[in-house]
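Raw coords-v5.cif, mmCIF, C-alpha atoms and all ligand atoms:
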data_protein
loop_
_atom_site.group_PDB
_atom_site.id
_atom_site.type_symbol
_atom_site.label_atom_id
_atom_site.label_comp_id
_atom_site.auth_asym_id
_atom_site.auth_seq_id
_atom_site.Cartn_x
_atom_site.Cartn_y
_atom_site.Cartn_z
ATOM 1 C CA MET A 18 38.815 -64.565 -128.789
ATOM 2 C CA ILE A 19 40.963 -63.390 -125.897
ATOM 3 C CA PHE A 20 39.783 -66.018 -123.407
ATOM 4 C CA LEU A 21 40.215 -69.048 -125.645
ATOM 5 C CA THR A 22 43.488 -69.991 -124.002
ATOM 6 C CA SER A 23 42.599 -73.453 -122.824
ATOM 7 C CA MET A 24 41.937 -74.710 -126.336
ATOM 8 C CA ASN A 25 45.641 -75.152 -127.052
ATOM 9 C CA PHE A 26 46.262 -77.378 -124.081
ATOM 10 C CA SER A 27 47.317 -81.007 -124.204
ATOM 11 C CA SER A 28 45.067 -83.879 -125.157
ATOM 12 C CA MET A 29 44.124 -84.555 -121.522
ATOM 13 C CA PRO A 30 40.595 -83.302 -120.755
ATOM 14 C CA ASN A 31 40.744 -79.832 -119.230
ATOM 15 C CA TYR A 32 38.893 -80.710 -116.058
ATOM 16 C CA LEU A 33 41.424 -83.486 -115.394
ATOM 17 C CA LYS A 34 44.335 -81.064 -115.887
ATOM 18 C CA ARG A 35 42.941 -78.766 -113.210
ATOM 19 C CA PHE A 36 42.314 -81.657 -110.862
ATOM 20 C CA GLU A 37 45.847 -82.938 -111.454
ATOM 21 C CA VAL A 38 47.347 -79.838 -109.806
ATOM 22 C CA LYS A 39 44.758 -79.607 -107.039
ATOM 23 C CA TRP A 40 44.183 -83.139 -105.784
ATOM 24 C CA LYS A 41 46.994 -83.013 -103.193
ATOM 25 C CA GLY A 42 45.443 -79.952 -101.587
ATOM 26 C CA TYR A 43 42.024 -81.584 -101.639
ATOM 27 C CA TYR A 44 43.442 -84.729 -100.018
ATOM 28 C CA LYS A 45 45.192 -82.726 -97.289
ATOM 29 C CA TRP A 46 42.017 -80.838 -96.541
ATOM 30 C CA ALA A 47 39.871 -83.950 -96.451
ATOM 31 C CA CYS A 48 42.243 -85.529 -93.893
ATOM 32 C CA LYS A 49 42.183 -82.445 -91.678
ATOM 33 C CA ASP A 50 38.479 -81.757 -91.582
ATOM 34 C CA TYR A 51 35.722 -84.246 -92.444
ATOM 35 C CA LYS A 52 33.225 -81.355 -92.433
ATOM 36 C CA TRP A 53 35.109 -79.850 -95.343
ATOM 37 C CA LEU A 54 35.007 -83.146 -97.234
ATOM 38 C CA LEU A 55 31.267 -83.395 -96.700
ATOM 39 C CA MET A 56 30.812 -79.830 -97.894
ATOM 40 C CA PHE A 57 33.075 -80.447 -100.899
ATOM 41 C CA PHE A 58 30.870 -83.276 -102.131
ATOM 42 C CA LEU A 59 27.450 -81.943 -101.178
ATOM 43 C CA SER A 60 27.554 -78.189 -101.712
ATOM 44 C CA ARG A 61 27.746 -78.468 -105.502
ATOM 45 C CA PHE A 62 24.046 -79.333 -105.503
ATOM 46 C CA LYS A 63 21.706 -76.372 -105.402
ATOM 47 C CA PHE A 64 19.031 -78.131 -103.369
ATOM 48 C CA ILE A 65 21.638 -79.037 -100.713
ATOM 49 C CA ARG A 66 22.779 -75.412 -100.557
ATOM 50 C CA ASN A 67 19.171 -74.351 -100.077
ATOM 51 C CA LEU A 68 18.668 -76.974 -97.365
ATOM 52 C CA SER A 69 21.819 -75.769 -95.636
ATOM 53 C CA THR A 70 19.846 -72.748 -94.439
ATOM 54 C CA TYR A 71 18.166 -75.094 -91.966
ATOM 55 C CA PHE A 72 20.710 -77.832 -91.295
ATOM 56 C CA PHE A 73 24.260 -76.585 -91.607
ATOM 57 C CA CYS A 74 24.385 -73.018 -90.334
ATOM 58 C CA GLN A 75 25.819 -72.461 -86.909
ATOM 59 C CA PRO A 76 25.634 -69.195 -85.024
ATOM 60 C CA HIS A 77 28.842 -67.192 -85.274
ATOM 61 C CA GLU A 78 29.812 -63.972 -83.634
ATOM 62 C CA ASN A 79 31.341 -61.222 -85.705
ATOM 63 C CA PRO A 80 34.209 -59.197 -84.249
ATOM 64 C CA LYS A 81 33.174 -56.619 -81.688
ATOM 65 C CA ASN A 82 33.619 -52.869 -82.060
ATOM 66 C CA LEU A 83 32.907 -52.671 -85.774
ATOM 67 C CA PRO A 84 33.035 -49.165 -87.312
ATOM 68 C CA GLU A 85 29.618 -47.547 -87.612
ATOM 69 C CA ILE A 86 30.420 -45.489 -90.709
ATOM 70 C CA SER A 87 31.144 -47.195 -94.009
ATOM 71 C CA CYS A 88 34.246 -46.243 -95.963
ATOM 72 C CA LEU A 89 32.512 -47.169 -99.224
ATOM 73 C CA GLU A 90 30.922 -44.730 -101.641
ATOM 74 C CA SER A 91 27.140 -44.441 -101.651
ATOM 75 C CA ILE A 92 25.523 -47.771 -102.516
ATOM 76 C CA GLU A 93 22.039 -49.276 -102.197
ATOM 77 C CA GLU A 94 22.529 -52.552 -100.355
ATOM 78 C CA ASP A 95 19.005 -53.943 -101.034
ATOM 79 C CA LYS A 96 19.275 -53.269 -104.771
ATOM 80 C CA ILE A 97 22.690 -54.917 -104.897
ATOM 81 C CA VAL A 98 21.408 -58.026 -103.104
ATOM 82 C CA ASP A 99 18.434 -58.291 -105.499
ATOM 83 C CA PHE A 100 20.708 -58.108 -108.572
ATOM 84 C CA PHE A 101 23.152 -60.455 -106.933
ATOM 85 C CA LYS A 102 20.578 -63.123 -106.195
ATOM 86 C CA LYS A 103 19.556 -63.182 -109.861
ATOM 87 C CA ASP A 104 22.947 -63.000 -111.613
ATOM 88 C CA GLY A 105 25.312 -64.203 -108.884
ATOM 89 C CA PHE A 106 27.279 -61.060 -109.702
ATOM 90 C CA TYR A 107 27.104 -57.298 -109.201
ATOM 91 C CA SER A 108 29.618 -54.631 -110.214
ATOM 92 C CA GLY A 109 29.759 -51.100 -108.789
ATOM 93 C CA ILE A 110 30.833 -51.207 -105.149
ATOM 94 C CA ASN A 111 33.622 -48.688 -105.475
ATOM 95 C CA LEU A 112 36.439 -47.808 -103.126
ATOM 96 C CA PRO A 113 37.226 -44.158 -102.393
ATOM 97 C CA SER A 114 40.542 -43.040 -103.890
ATOM 98 C CA LYS A 115 41.897 -42.402 -100.368
ATOM 99 C CA LEU A 116 41.541 -46.105 -99.531
ATOM 100 C CA VAL A 117 43.108 -47.171 -102.843
ATOM 101 C CA LYS A 118 46.087 -44.934 -102.053
ATOM 102 C CA GLU A 119 46.434 -46.362 -98.540
ATOM 103 C CA ILE A 120 46.523 -49.909 -99.921
ATOM 104 C CA HIS A 121 49.172 -48.877 -102.468
ATOM 105 C CA ASP A 122 51.187 -47.294 -99.655
ATOM 106 C CA TYR A 123 51.127 -50.692 -97.925
ATOM 107 C CA VAL A 124 52.123 -52.487 -101.128
ATOM 108 C CA ASP A 125 54.964 -50.038 -101.759
ATOM 109 C CA THR A 126 56.509 -50.799 -98.377
ATOM 110 C CA SER A 127 55.866 -54.562 -98.102
ATOM 111 C CA ASN A 128 57.260 -57.714 -99.641
ATOM 112 C CA CYS A 129 55.094 -60.094 -101.636
ATOM 113 C CA TYR A 130 55.593 -63.864 -102.022
ATOM 114 C CA GLY A 131 56.292 -64.996 -105.582
ATOM 115 C CA ASN A 132 53.787 -67.680 -106.591
ATOM 116 C CA ARG A 133 52.609 -67.704 -102.929
ATOM 117 C CA ASN A 134 55.891 -69.264 -101.796
ATOM 118 C CA PRO A 135 57.279 -67.665 -98.576
ATOM 119 C CA GLU A 136 60.794 -68.573 -99.757
ATOM 120 C CA PHE A 137 60.414 -66.124 -102.683
ATOM 121 C CA SER A 138 59.959 -62.811 -100.866
ATOM 122 C CA PHE A 139 60.577 -59.493 -102.656
ATOM 123 C CA PRO A 140 59.241 -55.918 -103.159
ATOM 124 C CA TYR A 141 56.924 -56.093 -106.184
ATOM 125 C CA ILE A 142 58.913 -53.526 -108.156
ATOM 126 C CA GLU A 143 61.935 -55.880 -107.973
ATOM 127 C CA LYS A 144 60.132 -58.792 -109.611
ATOM 128 C CA GLU A 145 62.621 -59.213 -112.467
ATOM 129 C CA ILE A 146 65.560 -59.114 -110.034
ATOM 130 C CA ALA A 147 63.833 -61.686 -107.829
ATOM 131 C CA GLU A 148 63.121 -63.969 -110.796
ATOM 132 C CA LYS A 149 66.831 -64.024 -111.631
ATOM 133 C CA LYS A 150 67.805 -64.488 -108.004
ATOM 134 C CA TYR A 151 65.417 -67.408 -107.415
ATOM 135 C CA ASN A 152 65.513 -68.744 -110.990
ATOM 136 C CA GLU A 153 61.719 -68.760 -111.130
ATOM 137 C CA ILE A 154 58.991 -67.224 -113.282
ATOM 138 C CA PHE A 155 56.476 -65.481 -111.065
ATOM 139 C CA ILE A 156 52.863 -65.546 -112.214
ATOM 140 C CA ILE A 157 51.524 -63.902 -109.080
ATOM 141 C CA GLY A 158 52.913 -61.988 -106.096
ATOM 142 C CA ASP A 159 50.839 -62.516 -102.956
ATOM 143 C CA TYR A 160 50.650 -60.499 -99.710
ATOM 144 C CA PRO A 161 49.754 -63.183 -97.179
ATOM 145 C CA ASN A 162 48.725 -61.235 -94.072
ATOM 146 C CA VAL A 163 46.996 -58.142 -95.375
ATOM 147 C CA GLY A 164 43.913 -58.828 -93.278
ATOM 148 C CA GLN A 165 45.993 -58.024 -90.200
ATOM 149 C CA ASP A 166 48.879 -55.921 -91.525
ATOM 150 C CA CYS A 167 47.145 -53.302 -93.706
ATOM 151 C CA GLN A 168 44.957 -50.898 -91.772
ATOM 152 C CA ALA A 169 42.872 -49.908 -94.820
ATOM 153 C CA ILE A 170 42.075 -53.540 -95.647
ATOM 154 C CA ARG A 171 41.395 -54.317 -92.003
ATOM 155 C CA GLN A 172 38.871 -51.498 -92.088
ATOM 156 C CA LEU A 173 37.306 -52.742 -95.328
ATOM 157 C CA GLN A 174 36.780 -56.339 -94.208
ATOM 158 C CA THR A 175 34.689 -55.083 -91.263
ATOM 159 C CA ASP A 176 32.889 -52.397 -93.256
ATOM 160 C CA PRO A 177 29.224 -52.224 -92.182
ATOM 161 C CA LYS A 178 27.889 -51.951 -95.760
ATOM 162 C CA LEU A 179 29.909 -54.947 -96.917
ATOM 163 C CA LEU A 180 28.711 -56.953 -93.927
ATOM 164 C CA GLU A 181 25.123 -55.892 -94.509
ATOM 165 C CA ILE A 182 25.223 -57.138 -98.109
ATOM 166 C CA ALA A 183 26.786 -60.402 -96.954
ATOM 167 C CA THR A 184 24.266 -60.825 -94.131
ATOM 168 C CA LYS A 185 21.265 -60.210 -96.383
ATOM 169 C CA TYR A 186 22.520 -62.600 -99.035
ATOM 170 C CA LEU A 187 23.696 -65.365 -96.716
ATOM 171 C CA ASN A 188 20.650 -64.955 -94.488
ATOM 172 C CA ALA A 189 23.001 -65.519 -91.561
ATOM 173 C CA LYS A 190 25.757 -63.749 -89.704
ATOM 174 C CA PRO A 191 28.657 -63.690 -92.153
ATOM 175 C CA VAL A 192 31.802 -65.520 -91.111
ATOM 176 C CA HIS A 193 34.945 -63.926 -92.459
ATOM 177 C CA LEU A 194 36.859 -66.693 -94.236
ATOM 178 C CA SER A 195 39.766 -65.021 -95.998
ATOM 179 C CA THR A 196 41.271 -61.824 -97.356
ATOM 180 C CA LYS A 197 43.778 -61.944 -100.194
ATOM 181 C CA LEU A 198 45.748 -59.273 -102.016
ATOM 182 C CA TRP A 199 47.868 -60.229 -104.998
ATOM 183 C CA TRP A 200 49.546 -59.097 -108.181
ATOM 184 C CA SER A 201 48.841 -61.008 -111.378
ATOM 185 C CA TYR A 202 51.857 -60.408 -113.568
ATOM 186 C CA ALA A 203 51.927 -59.929 -117.331
ATOM 187 C CA THR A 204 54.479 -62.630 -117.976
ATOM 188 C CA GLU A 205 55.282 -65.586 -120.152
ATOM 189 C CA ALA A 206 54.279 -68.811 -118.446
ATOM 190 C CA THR A 207 53.030 -72.219 -119.435
ATOM 191 C CA LEU A 208 49.346 -72.978 -119.150
ATOM 192 C CA ALA A 209 50.208 -75.847 -116.815
ATOM 193 C CA ASN A 210 51.904 -73.424 -114.396
ATOM 194 C CA ARG A 211 48.975 -71.010 -114.595
ATOM 195 C CA LEU A 212 46.574 -73.732 -113.470
ATOM 196 C CA ASN A 213 47.678 -73.209 -109.866
ATOM 197 C CA PHE A 214 46.368 -69.659 -109.945
ATOM 198 C CA ALA A 215 42.887 -70.031 -111.468
ATOM 199 C CA GLN A 216 43.964 -68.370 -114.706
ATOM 200 C CA VAL A 217 43.139 -71.005 -117.293
ATOM 201 C CA PHE A 218 39.857 -72.822 -116.836
ATOM 202 C CA PHE A 219 36.429 -71.673 -115.886
ATOM 203 C CA HIS A 220 35.590 -73.186 -112.522
ATOM 204 C CA TYR A 221 33.430 -72.669 -109.475
ATOM 205 C CA ASP A 222 34.732 -72.706 -105.904
ATOM 206 C CA LEU A 223 33.405 -75.020 -103.224
ATOM 207 C CA ILE A 224 34.051 -72.696 -100.288
ATOM 208 C CA ASP A 225 31.010 -73.279 -98.107
ATOM 209 C CA TYR A 226 27.344 -74.164 -98.451
ATOM 210 C CA ARG A 227 26.676 -70.460 -98.817
ATOM 211 C CA SER A 228 29.395 -67.919 -99.497
ATOM 212 C CA ILE A 229 30.008 -64.537 -101.061
ATOM 213 C CA GLN A 230 33.214 -62.908 -102.276
ATOM 214 C CA PHE A 231 33.982 -59.220 -102.772
ATOM 215 C CA PHE A 232 36.664 -58.201 -105.278
ATOM 216 C CA PHE A 233 38.344 -54.822 -105.682
ATOM 217 C CA TYR A 234 40.705 -53.774 -108.466
ATOM 218 C CA LEU A 235 43.630 -51.701 -107.157
ATOM 219 C CA THR A 236 44.975 -50.988 -110.654
ATOM 220 C CA ASP A 237 43.161 -50.005 -113.847
ATOM 221 C CA VAL A 238 42.056 -53.181 -115.620
ATOM 222 C CA ASP A 239 41.296 -53.544 -119.318
ATOM 223 C CA LEU A 240 41.340 -56.554 -121.635
ATOM 224 C CA SER A 241 45.156 -56.519 -121.659
ATOM 225 C CA SER A 242 45.571 -56.537 -117.890
ATOM 226 C CA GLY A 243 43.827 -59.706 -116.796
ATOM 227 C CA PRO A 244 40.121 -58.990 -116.379
ATOM 228 C CA HIS A 245 38.063 -61.275 -114.182
ATOM 229 C CA VAL A 246 35.330 -63.122 -116.125
ATOM 230 C CA CYS A 247 32.073 -64.329 -114.594
ATOM 231 C CA VAL A 248 29.342 -66.420 -116.214
ATOM 232 C CA LEU A 249 26.175 -64.629 -115.152
ATOM 233 C CA GLY A 250 23.462 -66.790 -113.620
ATOM 234 C CA SER A 251 25.595 -69.934 -113.588
ATOM 235 C CA HIS A 252 25.234 -70.293 -109.798
ATOM 236 C CA GLN A 253 21.596 -71.275 -110.355
ATOM 237 C CA ASN A 254 21.760 -72.855 -113.759
ATOM 238 C CA LYS A 255 24.269 -75.671 -114.143
ATOM 239 C CA LYS A 256 24.226 -78.647 -116.426
ATOM 240 C CA LEU A 257 23.589 -81.825 -114.449
ATOM 241 C CA THR A 258 26.990 -83.161 -115.514
ATOM 242 C CA HIS A 259 28.615 -80.003 -114.087
ATOM 243 C CA GLN A 260 27.048 -80.778 -110.712
ATOM 244 C CA LEU A 261 27.552 -84.522 -110.681
ATOM 245 C CA SER A 262 31.167 -84.332 -111.805
ATOM 246 C CA PHE A 263 33.924 -84.426 -109.198
ATOM 247 C CA PHE A 264 35.738 -81.805 -111.291
ATOM 248 C CA THR A 265 34.718 -78.136 -111.264
ATOM 249 C CA GLY A 266 37.013 -76.887 -114.066
ATOM 250 C CA ARG A 267 35.526 -76.530 -117.551
ATOM 251 C CA SER A 268 36.850 -75.493 -120.927
ATOM 252 C CA ASP A 269 35.874 -72.229 -122.613
ATOM 253 C CA GLN A 270 34.060 -74.137 -125.313
ATOM 254 C CA ASP A 271 32.048 -76.163 -122.814
ATOM 255 C CA ILE A 272 30.981 -72.946 -121.072
ATOM 256 C CA ILE A 273 30.158 -71.115 -124.298
ATOM 257 C CA ASN A 274 28.185 -74.054 -125.666
ATOM 258 C CA TYR A 275 25.940 -74.110 -122.617
ATOM 259 C CA TYR A 276 25.701 -70.455 -121.538
ATOM 260 C CA GLY A 277 26.487 -68.562 -124.752
ATOM 261 C CA THR A 278 28.828 -65.584 -125.003
ATOM 262 C CA ASP A 279 26.126 -63.115 -123.904
ATOM 263 C CA ASN A 280 26.353 -64.378 -120.329
ATOM 264 C CA LEU A 281 30.122 -63.908 -120.098
ATOM 265 C CA LYS A 282 30.835 -60.763 -118.074
ATOM 266 C CA PHE A 283 34.353 -59.399 -118.589
ATOM 267 C CA VAL A 284 35.005 -57.036 -115.676
ATOM 268 C CA CYS A 285 37.050 -54.002 -116.720
ATOM 269 C CA GLY A 286 37.363 -50.716 -114.862
ATOM 270 C CA LYS A 287 39.455 -48.178 -113.008
ATOM 271 C CA ALA A 288 41.385 -48.779 -109.814
ATOM 272 C CA GLY A 289 38.856 -48.869 -107.006
ATOM 273 C CA LEU A 290 36.180 -50.773 -108.941
ATOM 274 C CA GLY A 291 34.553 -53.346 -106.699
ATOM 275 C CA PHE A 292 32.290 -56.249 -107.574
ATOM 276 C CA VAL A 293 30.700 -59.101 -105.735
ATOM 277 C CA GLU A 294 30.402 -62.677 -106.933
ATOM 278 C CA ASN A 295 28.791 -65.927 -105.845
ATOM 279 C CA PRO A 296 31.687 -68.452 -105.870
ATOM 280 C CA TYR A 297 29.330 -71.043 -107.395
ATOM 281 C CA CYS A 298 29.213 -68.982 -110.588
ATOM 282 C CA PHE A 299 31.677 -70.226 -113.187
ATOM 283 C CA HIS A 300 34.529 -67.717 -113.333
ATOM 284 C CA LYS A 301 38.228 -67.297 -114.050
ATOM 285 C CA GLY A 302 40.987 -64.718 -114.288
ATOM 286 C CA ILE A 303 42.389 -63.970 -117.736
ATOM 287 C CA PRO A 304 46.220 -63.974 -117.693
ATOM 288 C CA PRO A 305 47.414 -60.348 -118.076
ATOM 289 C CA SER A 306 49.104 -59.857 -121.431
ATOM 290 C CA GLN A 307 50.542 -56.332 -121.065
ATOM 291 C CA LYS A 308 49.928 -54.747 -117.649
ATOM 292 C CA ASN A 309 50.117 -56.180 -114.140
ATOM 293 C CA ARG A 310 46.925 -56.335 -112.089
ATOM 294 C CA LEU A 311 46.618 -55.769 -108.323
ATOM 295 C CA MET A 312 43.460 -57.246 -106.832
ATOM 296 C CA LEU A 313 41.872 -57.670 -103.400
ATOM 297 C CA LYS A 314 39.413 -60.402 -102.449
ATOM 298 C CA ILE A 315 37.393 -60.686 -99.221
ATOM 299 C CA VAL A 316 35.373 -63.870 -98.668
ATOM 300 C CA PHE A 317 32.534 -64.588 -96.262
ATOM 301 C CA GLY A 318 30.659 -67.826 -95.593
ATOM 302 C CA VAL A 319 28.529 -69.353 -92.863
ATOM 303 C CA ASN A 320 30.880 -72.036 -91.477
ATOM 304 C CA THR A 321 34.562 -72.319 -90.717
ATOM 305 C CA TYR A 322 36.901 -75.091 -91.834
ATOM 306 C CA GLN A 323 40.388 -75.800 -90.536
ATOM 307 C CA ASN A 324 43.179 -73.941 -92.314
ATOM 308 C CA TYR A 325 40.712 -72.471 -94.764
ATOM 309 C CA ARG A 326 43.114 -69.683 -95.773
ATOM 310 C CA SER A 327 45.485 -72.022 -97.543
ATOM 311 C CA TYR A 328 42.816 -73.632 -99.660
ATOM 312 C CA GLN A 329 40.804 -71.577 -102.045
ATOM 313 C CA ASN A 330 41.699 -69.383 -104.985
HETATM 314 FE FE FE B 1 37.949 -69.215 -108.230
#

How does the structure come out when it is put into structure tokens?
Amino acid sequence: MIFLTSMNFSSMPNYLKRFEVKWKGYYKWACKDYKWLLMFFLSRFKFIRNLSTYFFCQPHENPKNLPEISCLESIEEDKIVDFFKKDGFYSGINLPSKLVKEIHDYVDTSNCYGNRNPEFSFPYIEKEIAEKKYNEIFIIGDYPNVGQDCQAIRQLQTDPKLLEIATKYLNAKPVHLSTKLWWSYATEATLANRLNFAQVFFHYDLIDYRSIQFFFYLTDVDLSSGPHVCVLGSHQNKKLTHQLSFFTGRSDQDIINYYGTDNLKFVCGKAGLGFVENPYCFHKGIPPSQKNRLMLKIVFGVNTYQNYRSYQN
């Protein structure tokens, strides 16, 4: 099957391979913010996340002067939240074509950072030239400041409908944590290199005690262009060993054995397709095999942690 990429990896257990490339970041974060360390250990437990409603939420103010009219197509926020609570996932929050075009206009006139490294800056259409110039293989091309630099994305991350969904689900004023826009390139790369970009193992993200992330495809995505995969319902239903383990990465076979293939949701659709996911659901991005994928992610939580933007993927 298309997602069985991790089965050909080395003899080291998969969850250790993922931890091997991430532990330095975890260590840096733990040193900077003890609140993050506490959250990292505790938030994996569902009962702690439920308790957080009473103990960990702090009042936060959203930015003033939010737009009153949503730029999103007609959606039913209550219905979305109901589906989302059950599955930890909902697909069908679509962007108008005008907004998709505006984001592409930004991309066409901006440089991205190869593999998120500011030293590898290039226009995305010059990827092959940049790879030769820097002697690197680029798996992703990231636009680091889109939340400020792109007017269309700035508008989207304060969209009243998006914030209403986040508020109803989080049961608190949503705190904007990050906005990311990036290309995932159809390229040859080792599985070890892909580990840095959440493309190999199913995992869940320890972002906050309660969090919600909105994704939008900016290019058409099919099975050959790196669809996102979510394990429906896995935010509520995790094996005890998945919760007790320090490691959040899991092999395809481990996931299939416990959840079955019926609960794997491969997200394919046209440019503009939006979906919302609970980061505690197991998920991953399939490496694109033929066509590049441009994707936007906007994340909300209920607390802030120092230098959050450099942490999660
Ligand atoms: Fe992730």

query = Neighbours of ligand FE 1 (chain B) within 12 Å, counting all atoms listed in the file, as number ranges by chain?
reply = A: 35, 212-224, 229-230, 232, 245-247, 265-266, 294-303, 314, 316, 328-330

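Atom CA of A:Ile315 lies 21.0 Å from atom CA of A:Gly42.
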
Starting from the shown file, work through the PyMOL selection byres (((chain A and resi 53-69) around 10) and not hetatm) and note down what comes out as a VMD selection string.
chain A and resid 43 to 44 46 to 52 70 to 74 221 to 227 252 to 255 257 259 to 263 265 297 319 to 323 325

Atom CA of A:Tyr141 sits from atom CA of A:Leu173 at a separation of 22.7 Å

Taken to one decimal, the atom CA of A:Leu313-atom CA of A:His193 distance is 14.4 Å

I'd like to see the residues matched by the PyMOL selection byres (((chain A and resi 103) around 12) and not hetatm) on this file, and ideally I'd get them as an mmCIF file with C-alpha atoms, in the frame of the given file.
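The new file result16.cif reads:
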data_model
loop_
_atom_site.group_PDB
_atom_site.id
_atom_site.type_symbol
_atom_site.label_atom_id
_atom_site.label_comp_id
_atom_site.auth_asym_id
_atom_site.auth_seq_id
_atom_site.Cartn_x
_atom_site.Cartn_y
_atom_site.Cartn_z
ATOM 1 C CA LYS A 96 19.275 -53.269 -104.771
ATOM 2 C CA ILE A 97 22.690 -54.917 -104.897
ATOM 3 C CA VAL A 98 21.408 -58.026 -103.104
ATOM 4 C CA ASP A 99 18.434 -58.291 -105.499
ATOM 5 C CA PHE A 100 20.708 -58.108 -108.572
ATOM 6 C CA PHE A 101 23.152 -60.455 -106.933
ATOM 7 C CA LYS A 102 20.578 -63.123 -106.195
ATOM 8 C CA ASP A 104 22.947 -63.000 -111.613
ATOM 9 C CA GLY A 105 25.312 -64.203 -108.884
ATOM 10 C CA PHE A 106 27.279 -61.060 -109.702
ATOM 11 C CA TYR A 107 27.104 -57.298 -109.201
ATOM 12 C CA TYR A 186 22.520 -62.600 -99.035
ATOM 13 C CA LEU A 249 26.175 -64.629 -115.152
ATOM 14 C CA GLY A 250 23.462 -66.790 -113.620
ATOM 15 C CA SER A 251 25.595 -69.934 -113.588
ATOM 16 C CA HIS A 252 25.234 -70.293 -109.798
ATOM 17 C CA GLN A 253 21.596 -71.275 -110.355
ATOM 18 C CA ASN A 254 21.760 -72.855 -113.759
ATOM 19 C CA GLU A 294 30.402 -62.677 -106.933
ATOM 20 C CA ASN A 295 28.791 -65.927 -105.845
ATOM 21 C CA CYS A 298 29.213 -68.982 -110.588
#

| Taking (60.9, -50.4, -105.4) in the file's coordinates as the center, which residues reach within 9 Å of it, counting all atoms listed in the file, put as a PyMOL selection string? | chain A and resi 125-126+140-143

Restricting the output to C-alpha atoms, write the selected residues as a CSV table (one decimal), in the frame of the given file.
chain,number,residue,atom,x,y,z
A,125,ASP,CA,55.0,-50.0,-101.8
A,126,THR,CA,56.5,-50.8,-98.4
A,140,PRO,CA,59.2,-55.9,-103.2
A,141,TYR,CA,56.9,-56.1,-106.2
A,142,ILE,CA,58.9,-53.5,-108.2
A,143,GLU,CA,61.9,-55.9,-108.0

Closest of A:Ile154, A:Ala203, A:Val124, A:Val293 to A:Gly243, counting only C-alpha atoms, is A:Ala203

Task: Target residues per the PyMOL selection byres (((chain A and resi 242) around 9) and not hetatm), formatted as a ChimeraX atom specification - done: /A:201-203,237-241,243-244,285,303-310

Serialized selection, C-alpha atoms, as a compact mmCIF listing (two decimals), in the frame of the given file:
# COMPACT_ATOMS: atom_id res chain seq x y z
CA SER A 201 48.84 -61.01 -111.38
CA TYR A 202 51.86 -60.41 -113.57
CA ALA A 203 51.93 -59.93 -117.33
CA ASP A 237 43.16 -50.00 -113.85
CA VAL A 238 42.06 -53.18 -115.62
CA ASP A 239 41.30 -53.54 -119.32
CA LEU A 240 41.34 -56.55 -121.64
CA SER A 241 45.16 -56.52 -121.66
CA GLY A 243 43.83 -59.71 -116.80
CA PRO A 244 40.12 -58.99 -116.38
CA CYS A 285 37.05 -54.00 -116.72
CA ILE A 303 42.39 -63.97 -117.74
CA PRO A 304 46.22 -63.97 -117.69
CA PRO A 305 47.41 -60.35 -118.08
CA SER A 306 49.10 -59.86 -121.43
CA GLN A 307 50.54 -56.33 -121.06
CA LYS A 308 49.93 -54.75 -117.65
CA ASN A 309 50.12 -56.18 -114.14
CA ARG A 310 46.92 -56.34 -112.09

Smallest atom-to-atom distance to A:Leu235: which of A:Trp200, A:Lys178, A:Leu89, A:Ser108, using only C-alpha atoms?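 Answer, going by the shortest atom-to-atom distance: A:Trp200.
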
Residue with the minimum atom-to-atom distance to A:Tyr275, picked from A:Val248, A:Cys167, A:Val192, A:Cys88 with only C-alpha atoms counted, is A:Val248

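The nearest approach to A:Thr184 among the residues A:Phe317, A:Trp40, A:Tyr234, A:Trp199, with all atoms listed in the file taken into account, belongs to A:Phe317.
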
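Residue nearest A:Glu148 within the list A:Ile272, A:Gln165, A:Thr204, A:Ala189: A:Thr204 [criterion: smallest interatomic distance, all atoms listed in the file].
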
Next on the checklist: Taking all atoms listed in the file into account, name the residue in A:Pro135, A:Lys256, A:Ile120, A:Ala206 that is nearest to A:Asp271.
Outcome noted: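 Smallest separation from A:Asp271 among the options: A:Lys256.
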